[in-house]
Structures are given as C-alpha cells and as structure tokens.
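Student: Starting off with a structure, shown below.
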Amino acid sequence: MLLEISSEFRKGILFVRLKGKFLSEAMELFKKEVIAKIETCGLRSVVFNIDEVTEIDLKAIHNMLYVYEMCNKNAGKVLLCELYESPVFDRMRKNRIFNYVHLIKNELEAFEVIKL
C-alpha cells in the first residue's frame, strides 16, 4: 500500500493521519490532500499522526518541513504524534525535522500544546 491520507479539522487544527508508505511517489496526493488545504484555508496548525507509516523517504520529510514553513508564516505549529513506536522514527530522527516540529504522544495532547 502506498499512502492513505485522512484528515479532520477540529478547533482550528488540521489533523492528518497517514497510513502506508510515505514516499516520493505519494507526493502528488500529499500536495493535493494536505498542502492545498493549508494554502486555501490559511490554516495555522497541523498535527501529523504517523503511527501507521511503514516507510518514509527524504522527499516526504522535506514536504513535512514545507508544511512547517507554511504554518510558521501563519504563526502556527506543526506537531508529530504517535512517533515513538513508529518504524520510521530513526529515519526521521536523522534528519533536521525534529529541530522544527514538536513531538507529542497523541492527538489529544495537541490541544494542550496549541493553546486556542
């Protein structure tokens, strides 16, 4: 399975749940489903739940950093959750993404970190 994306907007936060292989081949889907929503709605904060991501590549990480840049311009935040048990944790740790995004345990914690 390549990538499945489901998203939900709650209390000013876009929750993005990713499942499968988050690889270069899935970038058009990611841009259409996630980046386009942020651009058209001017969203400030995004939470990525990557509990069910089995693989990730550098292009995917760069697109997540692009989401960070977009949210940062709007004075928002990007959070990653369900990462500690994920098979992609080491791959992401080796990149600079943790210098920019906040790590949280689960989606509920997002409401505490992003004061609304």
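Convention: chains lettered A, B, ... in structure tokens order; per-chain residue numbering from 1; ligands numbered from 1 as shown.
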Leaving out region 18-25 of chain A and any residue of its chain fewer than 6 positions from it, which residues lie within 12 Å of it when counting only C-alpha atoms, given as a PyMOL selection string?

Tutor: chain A and resi 1-8+31+33-34+47-64+80-83+86-88+92

Student: Residues of region 10-112 of chain A classed as alpha helix (DSSP H) by DSSP on the backbone are to be reported as a ChimeraX atom specification.

Tutor: /A:27-30,36-41,58-73,89-93,110-112

Student: Given the choices A:Phe89, A:Lys73, A:Arg96, A:Ile35, which gets closest to Val16 (chain A) if the distance is worked out from only C-alpha atoms?

Tutor: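 Nearest candidate to Val16 (chain A) out of A:Phe89, A:Lys73, A:Arg96, A:Ile35: A:Ile35.
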
Student: Pick out each residue of chain A that DSSP on the backbone tags as strand (DSSP E); I need them as a PyMOL selection string.

Tutor: chain A and resi 3-10+13-22+45-56+78-81+102-104

Student: My list of candidates is A:Lys11, A:Glu39, A:Glu85, A:Leu79. Which is closest to Glu109 (chain A) when distances are computed with only C-alpha atoms?

Tutor: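 Using only C-alpha atoms, Glu109 (chain A) sits closest to A:Leu79.
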
Student: Enter the distance from CA of Leu108 (chain A) to CA of Ile13 (chain A), in Å, rounded to one decimal.

Tutor: 11.3 Å
